[in-house]
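Engineer: Next up, data_36.txt (compact mmCIF, C-alpha atoms).
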# COMPACT_ATOMS: atom_id res chain seq x y z
CA MET R 166 272.40 91.83 255.93
CA SER R 167 274.07 88.50 256.67
CA GLN R 168 275.85 87.75 259.94
CA TYR R 169 279.63 87.92 259.95
CA THR R 170 281.57 84.75 259.20
CA GLU R 171 284.96 84.14 260.78
CA LYS R 172 286.59 85.30 257.53
CA ASP R 173 284.56 88.54 257.52
CA LEU R 174 285.51 89.26 261.13
CA HIS R 175 289.16 88.58 260.39
CA ILE R 176 289.08 91.08 257.51
CA LEU R 177 287.34 93.75 259.59
CA GLU R 178 289.48 93.27 262.71
CA GLU R 179 292.97 93.15 261.17
CA PRO R 180 294.09 96.49 259.62
CA PHE R 181 296.37 95.08 256.91
CA VAL R 182 294.18 92.20 255.77
CA GLU R 183 292.75 93.15 252.34
CA ILE R 184 294.53 96.47 252.78
CA ARG R 185 294.47 97.40 249.08
CA LYS R 186 290.74 96.87 248.91
CA LYS R 187 290.15 98.85 252.10
CA VAL R 188 292.22 101.80 250.91
CA LYS R 189 290.56 101.73 247.49
CA ILE R 190 287.14 101.98 249.16
CA LEU R 191 288.26 104.76 251.51
CA LEU R 192 289.71 106.80 248.65
CA ARG R 193 286.60 106.24 246.55
CA MET R 194 284.45 107.49 249.41
CA GLY R 195 286.68 110.52 250.06
CA CYS R 196 286.69 111.54 246.40
CA LEU R 197 282.90 111.21 246.18
CA LEU R 198 282.54 113.52 249.16
CA SER R 199 285.01 116.05 247.75
CA GLU R 200 283.49 115.98 244.25
CA ASN R 201 280.03 116.71 245.64
CA GLY R 202 280.77 119.63 247.94
CA ALA R 203 281.95 118.27 251.31
CA ASN R 204 284.58 120.26 253.20
CA ALA R 205 287.91 118.75 254.27
CA ASN R 206 286.88 118.29 257.90
CA GLN R 207 283.77 116.34 256.89
CA ILE R 208 285.75 114.18 254.44
CA VAL R 209 288.32 113.26 257.09
CA ARG R 210 285.64 112.56 259.71
CA ASP R 211 283.62 110.20 257.49
CA MET R 212 286.73 108.46 256.19
CA ARG R 213 287.97 107.87 259.73
CA ARG R 214 284.60 106.42 260.74
CA ALA R 215 284.69 104.08 257.72
CA ALA R 216 288.27 103.12 258.58
CA ALA R 217 287.22 102.26 262.15
CA TYR R 218 284.50 100.01 260.68
CA MET R 219 287.25 98.31 258.63
CA GLY R 220 289.33 97.66 261.75
CA ILE R 221 291.94 100.36 261.08
CA PRO R 222 292.85 102.13 264.36
CA ALA R 223 292.83 105.93 264.31
CA ASP R 224 296.51 106.14 265.31
CA HIS R 225 297.44 103.97 262.29
CA LEU R 226 295.63 106.24 259.79
CA HIS R 227 296.84 109.49 258.20
CA ILE R 228 294.70 111.37 255.64
CA HIS R 229 295.89 114.32 253.57
CA ILE R 230 293.32 116.43 251.70
CA ALA R 231 294.85 118.49 248.89
CA TYR R 232 291.57 119.53 247.24
CA SER R 233 292.44 118.02 243.85
CA ASN R 234 293.56 114.70 245.35
CA ILE R 235 293.35 112.66 248.56
CA LEU R 236 296.25 110.71 250.09
CA ILE R 237 296.03 107.94 252.70
CA ASN R 238 298.83 106.39 254.73
CA ILE R 239 298.24 103.38 257.00
CA HIS R 240 301.17 102.23 259.10
CA SER R 241 302.11 100.01 262.00
CA PRO R 242 305.48 98.95 263.45
CA GLU R 243 305.53 96.07 260.93
CA ASP R 244 303.75 97.41 257.83
CA CYS R 245 303.12 100.61 255.89
CA PHE R 246 300.82 101.32 252.95
CA THR R 247 300.33 104.61 251.07
CA SER R 248 298.02 105.46 248.17
CA PHE R 249 296.28 108.48 246.66
CA ARG R 250 293.50 109.25 244.21
CA LYS R 251 292.69 112.31 242.12
CA VAL R 252 289.41 114.19 242.48
CA GLN R 253 287.78 114.08 239.04
CA TYR R 254 285.42 117.08 239.13
CA LEU R 255 283.92 119.73 241.40
CA GLY R 256 280.18 119.92 241.91
CA ALA R 257 277.44 119.97 244.52
CA ASN R 258 275.21 117.03 245.42
CA MET R 259 274.06 117.06 249.03
CA ASP R 260 272.11 113.85 248.46
CA ILE R 261 275.35 111.89 247.98
CA ILE R 262 277.03 113.55 250.97
CA SER R 263 274.07 112.72 253.19
CA ALA R 264 273.86 109.14 251.90
CA ILE R 265 277.56 108.46 252.54
CA SER R 266 277.32 109.84 256.07
CA VAL R 267 274.37 107.51 256.75
CA LEU R 268 276.18 104.55 255.14
CA THR R 269 279.12 104.70 257.57
CA TRP R 270 276.73 104.22 260.50
CA THR R 271 274.46 101.72 258.74
CA ALA R 272 277.42 99.49 257.92
CA LEU R 273 278.17 99.13 261.62
CA ARG R 274 274.58 98.66 262.77
CA ASN R 275 273.63 96.14 260.07
CA GLU R 276 276.96 94.29 260.08
CA TYR R 277 277.93 94.89 256.46
CA THR R 278 280.78 92.86 255.05
CA LEU R 279 283.49 94.74 253.18
CA ASP R 280 282.00 93.66 249.83
CA GLU R 281 278.54 94.83 250.90
CA PHE R 282 279.94 98.18 252.00
CA SER R 283 281.70 98.62 248.65
CA GLN R 284 278.55 97.67 246.75
CA GLU R 285 276.42 100.17 248.71
CA LEU R 286 278.99 102.90 248.08
CA GLU R 287 278.92 102.28 244.33
CA GLU R 288 275.13 102.35 244.31
CA ILE R 289 275.27 105.77 245.99
CA ALA R 290 277.77 106.98 243.37
CA LYS R 291 275.55 105.79 240.50
CA LYS R 292 272.19 106.92 241.85
CA ASP R 293 270.27 109.49 239.84
CA PRO R 294 269.94 113.03 241.23
CA PRO R 295 266.76 113.57 243.27
CA TYR R 296 265.61 116.30 240.85
CA SER R 297 265.47 116.54 237.07
CA ASP R 298 267.21 119.34 235.16
CA ALA R 299 263.83 120.97 234.51
CA THR R 300 263.00 120.99 238.22
CA SER R 301 266.42 122.41 239.09
CA ALA R 302 266.01 125.17 236.50
CA ILE R 303 262.57 126.15 237.81
CA PHE R 304 263.75 126.25 241.41
CA ALA R 305 266.87 128.20 240.39
CA GLY R 306 264.58 130.82 238.88
CA PHE R 307 262.40 131.03 241.99
CA ALA R 308 265.45 131.08 244.29
CA CYS R 309 266.84 134.12 242.46
CA GLY R 310 263.35 135.62 242.27
CA ALA R 311 263.22 135.63 246.07
CA PHE R 312 266.23 137.95 246.34
CA PRO R 313 264.56 141.15 245.00
CA ILE R 314 261.99 140.75 247.79
CA LEU R 315 264.79 140.27 250.33
CA PHE R 316 266.54 143.37 248.98
CA GLY R 317 263.37 145.49 249.20
CA GLY R 318 262.04 145.09 245.65
CA THR R 319 258.54 144.36 244.38
CA ILE R 320 256.72 141.25 243.18
CA ILE R 321 257.17 142.45 239.59
CA SER R 322 260.96 142.60 240.01
CA ALA R 323 260.83 139.10 241.50
CA TRP R 324 259.03 137.70 238.43
CA ILE R 325 261.42 139.41 236.02
CA THR R 326 264.33 137.93 237.95
CA THR R 327 262.75 134.47 237.96
CA VAL R 328 262.39 134.37 234.17
CA CYS R 329 265.89 135.75 233.49
CA ALA R 330 267.54 133.38 235.97
CA LEU R 331 265.60 130.40 234.61
CA LEU R 332 266.80 131.05 231.04
CA GLY R 333 270.36 131.65 232.19
CA PHE R 334 270.35 128.39 234.17
CA ILE R 335 269.14 126.53 231.07
CA VAL R 336 272.05 127.97 229.07
CA GLN R 337 274.48 126.76 231.73
CA LEU R 338 272.93 123.27 231.70
CA VAL R 339 273.13 123.04 227.90
CA LEU R 340 276.79 124.10 227.84
CA LYS R 341 277.57 121.64 230.64
CA ARG R 342 275.92 118.84 228.66
CA PHE R 343 278.20 119.67 225.71
CA GLN R 344 281.16 119.51 228.14
CA ILE R 345 282.10 123.15 227.67
CA ASN R 346 284.56 124.48 230.24
CA GLY R 347 282.66 125.23 233.46
CA TYR R 348 283.96 128.78 233.83
CA ILE R 349 283.02 129.61 230.25
CA GLY R 350 279.55 128.18 230.94
CA ILE R 351 279.20 130.46 233.98
CA ALA R 352 280.26 133.51 231.96
CA CYS R 353 277.77 132.71 229.17
CA ALA R 354 274.92 132.08 231.63
CA ALA R 355 275.68 135.34 233.44
CA MET R 356 275.69 137.22 230.13
CA VAL R 357 272.31 135.76 229.10
CA SER R 358 270.60 136.37 232.46
CA SER R 359 271.97 139.88 232.91
CA GLY R 360 271.35 140.83 229.28
CA LEU R 361 267.72 139.70 229.43
CA ALA R 362 267.19 141.69 232.62
CA TYR R 363 268.62 144.79 230.95
CA ILE R 364 266.40 144.32 227.88
CA SER R 365 263.34 143.98 230.14
CA GLY R 366 263.76 147.71 230.83
CA CYS R 367 262.01 148.32 227.53
CA VAL R 368 258.79 147.06 229.12
CA PHE R 369 259.04 147.42 232.90
CA ASP R 370 259.78 150.23 235.32
CA SER R 371 263.45 151.03 235.93
CA SER R 372 263.24 150.38 239.70
CA ASP R 373 262.04 146.82 239.03
CA VAL R 374 264.69 146.23 236.39
CA ILE R 375 267.48 147.32 238.74
CA TYR R 376 266.61 144.62 241.27
CA ALA R 377 266.29 142.04 238.49
CA MET R 378 269.74 142.91 237.13
CA ILE R 379 271.22 142.45 240.60
CA ALA R 380 269.56 139.14 241.47
CA CYS R 381 269.23 137.25 238.16
CA THR R 382 272.79 135.83 238.28
CA LEU R 383 272.82 134.83 241.95
CA PHE R 384 272.12 131.16 241.12
CA MET R 385 275.83 131.00 240.23
CA VAL R 386 277.04 132.40 243.57
CA PRO R 387 279.65 129.90 244.86
CA GLY R 388 278.01 129.45 248.26
CA ILE R 389 279.37 125.94 248.92
CA PRO R 390 283.03 126.69 247.96
CA LEU R 391 282.87 129.97 249.88
CA ILE R 392 281.60 128.51 253.17
CA ASN R 393 283.87 125.46 252.80
CA THR R 394 286.84 127.79 252.30
CA VAL R 395 286.28 129.44 255.67
CA ASP R 396 285.58 126.09 257.34
CA ASP R 397 288.77 124.50 255.96
CA LEU R 398 290.94 127.45 256.99
CA LEU R 399 289.47 127.52 260.52
CA ASN R 400 290.09 123.76 260.84
CA ASN R 401 293.74 124.06 259.71
CA HIS R 402 293.23 122.46 256.30
CA ILE R 403 295.15 125.39 254.87
CA LEU R 404 296.06 123.97 251.45
CA ALA R 405 292.50 122.79 250.74
CA GLY R 406 291.10 126.12 251.99
CA ILE R 407 293.36 128.20 249.76
CA SER R 408 292.52 126.01 246.74
CA ARG R 409 288.80 126.44 247.40
CA ALA R 410 289.33 130.20 247.70
CA VAL R 411 290.99 130.26 244.27
CA HIS R 412 288.12 128.21 242.82
CA THR R 413 285.64 130.67 244.35
CA LEU R 414 287.47 133.64 242.84
CA LEU R 415 287.47 131.97 239.41
CA ILE R 416 283.70 131.49 239.60
CA VAL R 417 283.15 135.10 240.67
CA GLY R 418 285.53 136.27 237.94
CA SER R 419 283.63 134.26 235.32
CA MET R 420 280.35 135.79 236.51
CA THR R 421 281.95 139.23 236.29
CA VAL R 422 283.06 138.66 232.69
CA GLY R 423 279.56 137.56 231.66
CA ILE R 424 277.83 140.45 233.42
CA SER R 425 280.37 142.89 231.98
CA MET R 426 279.64 141.71 228.45
CA ALA R 427 275.90 142.23 228.96
CA GLN R 428 276.07 145.52 230.86
CA TYR R 429 279.06 147.30 229.35
CA PHE R 430 276.96 149.80 227.44
CA ASN R 431 274.52 150.36 230.29
CA HIS R 432 274.57 154.01 231.38
CA THR R 433 270.90 154.17 232.35
CA TYR R 434 270.55 152.55 235.76
CA ASP R 435 272.15 153.76 238.99
CA PHE R 436 272.91 151.15 241.64
CA THR R 437 274.92 153.31 244.01
CA HIS R 438 272.13 154.27 246.40
CA LEU R 439 270.12 151.04 246.39
CA SER R 440 269.28 149.79 249.88
CA ILE R 441 269.94 146.19 250.94
CA VAL R 442 267.45 145.96 253.84
CA PRO R 443 263.64 146.30 253.56
CA ASP R 444 261.81 148.83 255.70
CA SER R 445 259.83 146.17 257.58
CA ILE R 446 259.53 142.43 258.19
CA SER R 447 256.49 141.22 256.28
CA PRO R 448 255.01 137.76 255.56
CA VAL R 449 256.03 138.18 251.91
CA LEU R 450 259.63 138.81 252.98
CA LEU R 451 259.69 135.74 255.21
CA GLY R 452 258.08 133.68 252.45
CA ALA R 453 260.81 134.83 250.07
CA ALA R 454 263.44 133.65 252.58
CA VAL R 455 261.88 130.18 252.65
CA VAL R 456 261.64 130.01 248.84
CA GLY R 457 265.23 131.25 248.40
CA ALA R 458 266.73 128.69 250.79
CA ALA R 459 264.64 125.79 249.44
CA GLY R 460 265.42 126.80 245.85
CA TYR R 461 269.15 126.67 246.47
CA ALA R 462 268.72 123.35 248.27
CA VAL R 463 267.16 121.90 245.11
CA MET R 464 270.05 123.26 243.01
CA PHE R 465 272.44 121.52 245.42
CA TYR R 466 270.44 118.26 245.06
CA THR R 467 269.53 118.14 248.73
CA PRO R 468 267.26 115.19 249.65
CA LYS R 469 263.57 116.07 249.42
CA ARG R 470 262.91 115.11 253.03
CA LEU R 471 265.26 117.91 254.18
CA LEU R 472 263.64 120.77 252.23
CA PRO R 473 261.23 121.76 255.07
CA LEU R 474 264.15 122.00 257.52
CA ILE R 475 266.15 124.13 255.09
CA GLY R 476 263.14 126.38 254.52
CA ILE R 477 262.93 126.93 258.29
CA GLY R 478 266.67 127.64 258.33
CA GLY R 479 266.30 130.32 255.65
CA LEU R 480 263.40 131.83 257.59
CA ILE R 481 265.52 131.98 260.75
CA ALA R 482 268.40 133.61 258.86
CA ILE R 483 266.39 136.51 257.43
CA LEU R 484 264.17 136.96 260.50
CA VAL R 485 267.16 137.21 262.86
CA LYS R 486 269.20 139.42 260.54
CA ASN R 487 266.45 141.95 259.78
CA THR R 488 265.20 142.04 263.38
CA LEU R 489 268.68 142.87 264.64
CA ILE R 490 269.17 145.59 262.02
CA LEU R 491 265.72 147.18 262.05
CA HIS R 492 264.81 146.96 265.73
CA LEU R 493 268.04 146.58 267.70
CA GLY R 494 270.38 148.81 265.68
CA PHE R 495 272.97 146.16 264.79
CA SER R 496 275.38 146.72 261.93
CA VAL R 497 274.85 144.58 258.84
CA PHE R 498 278.09 142.69 259.67
CA GLY R 499 277.09 141.81 263.22
CA ALA R 500 273.52 140.94 262.25
CA THR R 501 274.72 138.70 259.40
CA PHE R 502 277.22 136.92 261.63
CA ILE R 503 274.64 136.24 264.36
CA ALA R 504 272.04 135.13 261.80
CA ALA R 505 274.52 132.70 260.20
CA ALA R 506 275.49 131.38 263.63
CA MET R 507 271.82 130.84 264.54
CA VAL R 508 271.33 128.93 261.28
CA SER R 509 274.33 126.76 262.10
CA LEU R 510 273.03 126.02 265.61
CA PHE R 511 269.63 125.13 264.20
CA SER R 512 271.30 122.87 261.63
CA LEU R 513 273.34 121.09 264.30
CA LYS R 514 270.15 120.25 266.18
CA ALA R 515 268.02 119.48 263.11
CA ALA R 516 270.70 117.24 261.57
CA ARG R 517 270.03 114.58 264.23
CA HIS R 518 266.34 114.45 263.33
CA GLY R 519 267.06 114.59 259.59
CA LYS R 520 269.80 111.93 259.85
CA THR R 521 272.26 113.96 257.82
CA SER R 522 275.27 116.25 258.15
CA SER R 523 274.67 119.70 259.62
CA LYS R 524 276.44 121.33 256.65
CA VAL R 525 273.85 119.84 254.27
CA LEU R 526 271.27 121.95 256.09
CA ALA R 527 273.36 125.02 256.98
CA ILE R 528 274.80 125.97 253.59
CA PRO R 529 271.58 126.44 251.56
CA SER R 530 269.87 127.98 254.61
CA ALA R 531 272.54 130.69 254.79
CA ILE R 532 272.51 131.58 251.08
CA PRO R 533 269.70 134.22 251.47
CA LEU R 534 272.19 136.27 253.52
CA VAL R 535 274.41 136.86 250.45
CA PRO R 536 274.92 140.65 249.91
CA GLY R 537 273.97 140.83 246.24
CA VAL R 538 273.38 144.61 246.23
CA PHE R 539 276.85 145.48 247.52
CA ILE R 540 278.52 143.07 245.11
CA TYR R 541 276.67 144.57 242.15
CA ARG R 542 277.38 148.14 243.25
CA PHE R 543 281.09 147.41 243.26
CA LEU R 544 280.98 145.54 239.94
CA TYR R 545 278.98 148.24 238.18
CA ALA R 546 281.36 150.92 239.43
CA MET R 547 284.41 149.00 238.21
CA LEU R 548 282.85 148.62 234.74
CA HIS R 549 282.50 152.42 234.54
CA ILE R 550 285.59 153.38 236.51
CA ASN R 551 286.76 155.93 233.91
CA SER R 552 283.69 158.07 234.53
CA LEU R 553 283.77 157.92 238.35
CA THR R 554 284.46 160.92 240.52
CA SER R 555 286.61 160.61 243.63
CA THR R 556 283.46 160.44 245.77
CA THR R 557 281.76 157.69 243.75
CA LEU R 558 285.04 155.74 243.59
CA VAL R 559 285.29 155.74 247.39
CA GLU R 560 281.64 154.63 247.61
CA ALA R 561 282.35 151.80 245.17
CA ILE R 562 285.36 150.60 247.16
CA GLN R 563 283.29 150.82 250.34
CA SER R 564 280.61 148.62 248.74
CA GLY R 565 283.23 146.05 247.71
CA VAL R 566 284.80 145.94 251.18
CA THR R 567 281.34 145.70 252.77
CA ALA R 568 280.43 142.76 250.51
CA ILE R 569 283.64 140.93 251.39
CA LEU R 570 283.14 141.47 255.13
CA ILE R 571 279.53 140.27 254.96
CA ILE R 572 280.60 137.16 253.06
CA ILE R 573 283.27 136.47 255.68
CA SER R 574 280.64 136.98 258.38
CA ILE R 575 278.44 134.36 256.73
CA GLY R 576 281.27 131.84 256.41
CA VAL R 577 282.57 132.32 259.96
CA GLY R 578 279.06 132.41 261.42
CA VAL R 579 278.18 129.08 259.79
CA ALA R 580 281.50 127.47 260.79
CA ILE R 581 281.99 128.75 264.36
CA PRO R 582 279.16 126.90 266.19
CA SER R 583 280.16 123.53 264.71
CA ILE R 584 283.79 124.20 265.61
CA LEU R 585 282.95 125.23 269.20
CA ALA R 586 280.59 122.29 269.65
CA GLY R 587 282.79 119.98 267.63
CA LYS R 588 284.55 118.39 270.59
CA ILE R 589 281.27 117.63 272.35
CA LEU R 590 279.68 116.21 269.20
CA ASP R 591 282.81 114.23 268.29
CA ALA R 592 282.95 112.77 271.80
CA ARG R 593 279.33 111.62 271.53
CA LYS R 594 279.92 110.08 268.11
CA GLU R 595 283.11 108.42 269.37
CA LYS R 596 281.18 106.75 272.21
CA LYS R 597 278.51 105.65 269.75
CA LEU R 598 281.17 104.27 267.40
CA GLU R 599 282.92 102.38 270.21
CA SER R 600 279.61 100.91 271.34
CA LEU R 601 278.83 99.58 267.84
CA LEU R 602 282.34 98.18 267.44
CA ASP R 603 282.19 96.47 270.83
CA LYS R 604 278.90 94.89 269.85
CA ARG R 605 280.45 93.55 266.65
CA TYR R 606 283.45 92.09 268.45
CA THR R 607 281.21 90.53 271.08
I'd like the structure from this file rewritten - as structure tokens, please.
Structural biologist:
Amino acid sequence: MSQYTEKDLHILEEPFVEIRKKVKILLRMGCLLSENGANANQIVRDMRRAAAYMGIPADHLHIHIAYSNILINIHSPEDCFTSFRKVQYLGANMDIISAISVLTWTALRNEYTLDEFSQELEEIAKKDPPYSDATSAIFAGFACGAFPILFGGTIISAWITTVCALLGFIVQLVLKRFQINGYIGIACAAMVSSGLAYISGCVFDSSDVIYAMIACTLFMVPGIPLINTVDDLLNNHILAGISRAVHTLLIVGSMTVGISMAQYFNHTYDFTHLSIVPDSISPVLLGAAVVGAAGYAVMFYTPKRLLPLIGIGGLIAILVKNTLILHLGFSVFGATFIAAAMVSLFSLKAARHGKTSSKVLAIPSAIPLVPGVFIYRFLYAMLHINSLTSTTLVEAIQSGVTAILIIISIGVGVAIPSILAGKILDARKEKKLESLLDKRYT
């Protein structure tokens, strides 16, 4: 990029010069991050780094994340400017999150002018996803197909799940293209996937069909909102965290409606005594962990160069969890928490080599830990609650509570290491930022 002129330096050194343009760019960047799955802490961090590049001191800048909109206030003893922008949609695109994080550093290193920074940001916003819809659908099928193996099923159950999930994902894509309400699209996709799995019982063994019915809708599991909910709450972004929690519940509720419509008349299969942990740790199991994590990474539009790292993260998650349960006698809660924490630590280290945010690596890597069996046990019991005995009702409630605790263990496990190491990492990045700014001023 071109060297700074005196005018460029004046714009980037004085906070209130071109203030409307600066705030417009900051809000555009914050909304892009929020719309594509970044948590509140990450949004604030990247916006503050961009503001420092624009010459806005940290003590002059206040950012409020309200999930559906972002507000910025910049003040000094002489001036004050406030503006906000609404978040247009909610999705998941790790490629955009990673690109924006890189842009904030590249702008400092390569001496971008404000216009060049704005142009680069718009190019990121307009760039095509790294994967086509067909590729995403195929990987969604294989990602769900990995779960029966992780739950102790067979290769046949994995293939049934793959086909059912693939067709359900296609239904969701078609409805999204016709701009049907997202929650309705989730319910319809869940109904199609679950219904096809149930119908497959006419051909395949019941034990294989059970695992397929459990896993075929897991491509809709709100992994990103769920983990971001815990992260926001632990980082005191209470309003954003609660809003994400409500969004997560709406997604789960939509899935429940779709599954209920497909399985309401099912009185054939019994899910109450289905195990969640395989009897041993086999190469097939570890391969399924890699496929599951990488498959979800593709659904989240993670950059292709990061897929090997995410595959390793998924492998670590399942290997640690099952080793702790099978060989060291840990409870499923403790093993899940430690496995999620190990994934987060790995992601923190690998993020430096991958030149991306640690959350881009950690979230899809932790998805194979999702307790699909317990969730389905509870759901199936609630659909047939009128026929439950007191014993089976207690077992159903126990499954629901267990699922919730495991999900919390995943969220806290992923968030805790980054929170504990946050001050050290932030201090390093602050020194790096100051060094680049000093070089510019010199």
Engineer: How many Å lie between CA of Phe502 in chain R and CA of Leu474 in chain R, rounded to one decimal?
Structural biologist: 20.3 Å
Engineer: Write out as a Markdown table the residues of range 499-530 of chain R that have any atom within 12 Å of an atom of range 204-209 of chain R, one row each with the nearest atom pair and its distance in Å to one decimal, counting all atoms listed in the file, sorted by chain and then rising number.
Structural biologist:
| residue | atom | partner | partner_atom | distance |
| --- | --- | --- | --- | --- |
| R:Thr521 | CA | R:Gln207 | CA | 11.8 |
| R:Ser522 | CA | R:Gln207 | CA | 8.6 |
| R:Ser523 | CA | R:Gln207 | CA | 10.1 |
| R:Lys524 | CA | R:Gln207 | CA | 8.9 |
| R:Val525 | CA | R:Asn204 | CA | 10.8 |
| R:Ile528 | CA | R:Asn204 | CA | 11.3 |
Engineer: List as a ChimeraX atom specification the residues having at least one atom at most 10 Å from position (280.5, 96.1, 257.1) as given in the file, counting all atoms listed in the file.
Structural biologist: /R:166-169,173-174,176-177,215,218-219,268-283,605
Engineer: What is the CA of Gly423 in chain R to CA of Cys353 in chain R distance in Å?
Structural biologist: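 Interatomic distance, CA of Gly423 in chain R to CA of Cys353 in chain R: 5.7 Å.
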Engineer: With distances taken over only C-alpha atoms, which residue among R:Ala580, R:Lys469, R:Asp224, R:Leu331 lies nearest Asp298 in chain R?
Structural biologist: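 The answer is R:Leu331, which sits nearest to Asp298 in chain R.
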Engineer: Name all residues at most 7 Å from range 357-366 of chain R (count all atoms listed in the file; drop same-chain ones fewer than 3 positions away) and give them as a ChimeraX atom specification.
Structural biologist: /R:329-330,332-333,353-354,369-371,374,377-378,381-382,424,427-428
Engineer: Let me make sure I understand: among R:Ile572, R:Phe334, R:Ala459, R:Ile265, which one has the smallest atom-to-atom distance to Thr413 in chain R if we use all atoms listed in the file?
Structural biologist: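 Answer, going by the shortest atom-to-atom distance: R:Ile572.
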Engineer: Rank nothing, just name the residue among R:Ser447, R:Ser574, R:Asn401, R:Thr567 nearest to Leu534 in chain R, using all atoms listed in the file.
Structural biologist: R:Ser574
Engineer: Edge lengths and centre, in Å to one decimal, as AutoDock Vina command-line options: that's what I need for the box along x, y and z that holds all listed atoms of range 342-356 of chain R plus 5 Å on each side.
Structural biologist:
--center_x 279.7 --center_y 128.0 --center_z 229.8 --size_x 19.6 --size_y 28.4 --size_z 18.3
Engineer: Report, in Å to a single decimal, how far apart CA of Gly499 in chain R and CA of Phe539 in chain R are.
Structural biologist: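 So the two atoms, CA of Phe539 in chain R and CA of Gly499 in chain R, lie 16.1 Å apart.
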Engineer: Can you list, as a list in words, every protein, DNA or RNA residue that comes within 12 Å of Lys292 in chain R when you count all atoms listed in the file, leaving out same-chain residues fewer than 6 positions away?
Structural biologist: Asn258, Asp260, Ile261, Ala264, Glu285, Leu286 and Tyr466 of chain R
Engineer: Out of R:Pro222, R:Arg409, R:Arg250, R:Gly418, which residue has the shortest atom-to-atom distance to Leu391 in chain R when counting only C-alpha atoms?
Structural biologist: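 Under the stated criterion, the closest residue is R:Arg409.
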Engineer: Counting all atoms listed in the file, which residue out of R:Leu570, R:Ala500, R:Cys245, R:Val535 sits closest to Thr488 in chain R?
Structural biologist: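 For Thr488 in chain R, the nearest of the given residues is R:Ala500.
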Engineer: So, with all atoms listed in the file as the atoms that count, which of R:Pro582, R:Gly494, R:Gly576, R:Gly317 lies closest to Asp397 in chain R?
Structural biologist: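 With all atoms listed in the file as the atom set, the closest residue is R:Gly576.
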Engineer: Can range 322-336 of chain R be brought up to N, CA and C atoms and written out as a PDB file, keeping the file's coordinate frame?
Structural biologist:
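Okay, rebuild-v7.pdb is ready:
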ATOM      1  N   SER R 322     259.509 142.826 240.154  1.00  0.00           N
ATOM      2  CA  SER R 322     260.960 142.600 240.010  1.00  0.00           C
ATOM      3  C   SER R 322     261.310 141.142 240.286  1.00  0.00           C
ATOM      4  N   ALA R 323     260.574 140.507 241.201  1.00  0.00           N
ATOM      5  CA  ALA R 323     260.830 139.100 241.500  1.00  0.00           C
ATOM      6  C   ALA R 323     260.502 138.211 240.296  1.00  0.00           C
ATOM      7  N   TRP R 324     259.393 138.508 239.602  1.00  0.00           N
ATOM      8  CA  TRP R 324     259.030 137.700 238.430  1.00  0.00           C
ATOM      9  C   TRP R 324     259.987 137.916 237.266  1.00  0.00           C
ATOM     10  N   ILE R 325     260.430 139.150 237.073  1.00  0.00           N
ATOM     11  CA  ILE R 325     261.420 139.410 236.020  1.00  0.00           C
ATOM     12  C   ILE R 325     262.690 138.612 236.299  1.00  0.00           C
ATOM     13  N   THR R 326     263.127 138.651 237.552  1.00  0.00           N
ATOM     14  CA  THR R 326     264.330 137.930 237.950  1.00  0.00           C
ATOM     15  C   THR R 326     264.168 136.426 237.744  1.00  0.00           C
ATOM     16  N   THR R 327     263.004 135.905 238.098  1.00  0.00           N
ATOM     17  CA  THR R 327     262.750 134.470 237.960  1.00  0.00           C
ATOM     18  C   THR R 327     262.905 134.016 236.521  1.00  0.00           C
ATOM     19  N   VAL R 328     262.319 134.740 235.594  1.00  0.00           N
ATOM     20  CA  VAL R 328     262.390 134.370 234.170  1.00  0.00           C
ATOM     21  C   VAL R 328     263.819 134.465 233.655  1.00  0.00           C
ATOM     22  N   CYS R 329     264.504 135.556 233.974  1.00  0.00           N
ATOM     23  CA  CYS R 329     265.890 135.750 233.490  1.00  0.00           C
ATOM     24  C   CYS R 329     266.825 134.695 234.056  1.00  0.00           C
ATOM     25  N   ALA R 330     266.687 134.393 235.347  1.00  0.00           N
ATOM     26  CA  ALA R 330     267.540 133.380 235.970  1.00  0.00           C
ATOM     27  C   ALA R 330     267.254 131.990 235.410  1.00  0.00           C
ATOM     28  N   LEU R 331     265.980 131.690 235.178  1.00  0.00           N
ATOM     29  CA  LEU R 331     265.600 130.400 234.610  1.00  0.00           C
ATOM     30  C   LEU R 331     266.255 130.178 233.252  1.00  0.00           C
ATOM     31  N   LEU R 332     266.210 131.179 232.379  1.00  0.00           N
ATOM     32  CA  LEU R 332     266.800 131.050 231.040  1.00  0.00           C
ATOM     33  C   LEU R 332     268.326 130.969 231.120  1.00  0.00           C
ATOM     34  N   GLY R 333     268.915 131.735 232.012  1.00  0.00           N
ATOM     35  CA  GLY R 333     270.360 131.650 232.190  1.00  0.00           C
ATOM     36  C   GLY R 333     270.798 130.289 232.700  1.00  0.00           C
ATOM     37  N   PHE R 334     270.035 129.724 233.630  1.00  0.00           N
ATOM     38  CA  PHE R 334     270.350 128.390 234.170  1.00  0.00           C
ATOM     39  C   PHE R 334     270.261 127.340 233.072  1.00  0.00           C
ATOM     40  N   ILE R 335     269.277 127.479 232.184  1.00  0.00           N
ATOM     41  CA  ILE R 335     269.140 126.530 231.070  1.00  0.00           C
ATOM     42  C   ILE R 335     270.358 126.602 230.159  1.00  0.00           C
ATOM     43  N   VAL R 336     270.842 127.810 229.888  1.00  0.00           N
ATOM     44  CA  VAL R 336     272.050 127.970 229.070  1.00  0.00           C
ATOM     45  C   VAL R 336     273.229 127.263 229.719  1.00  0.00           C
TER      46      VAL R 336
END
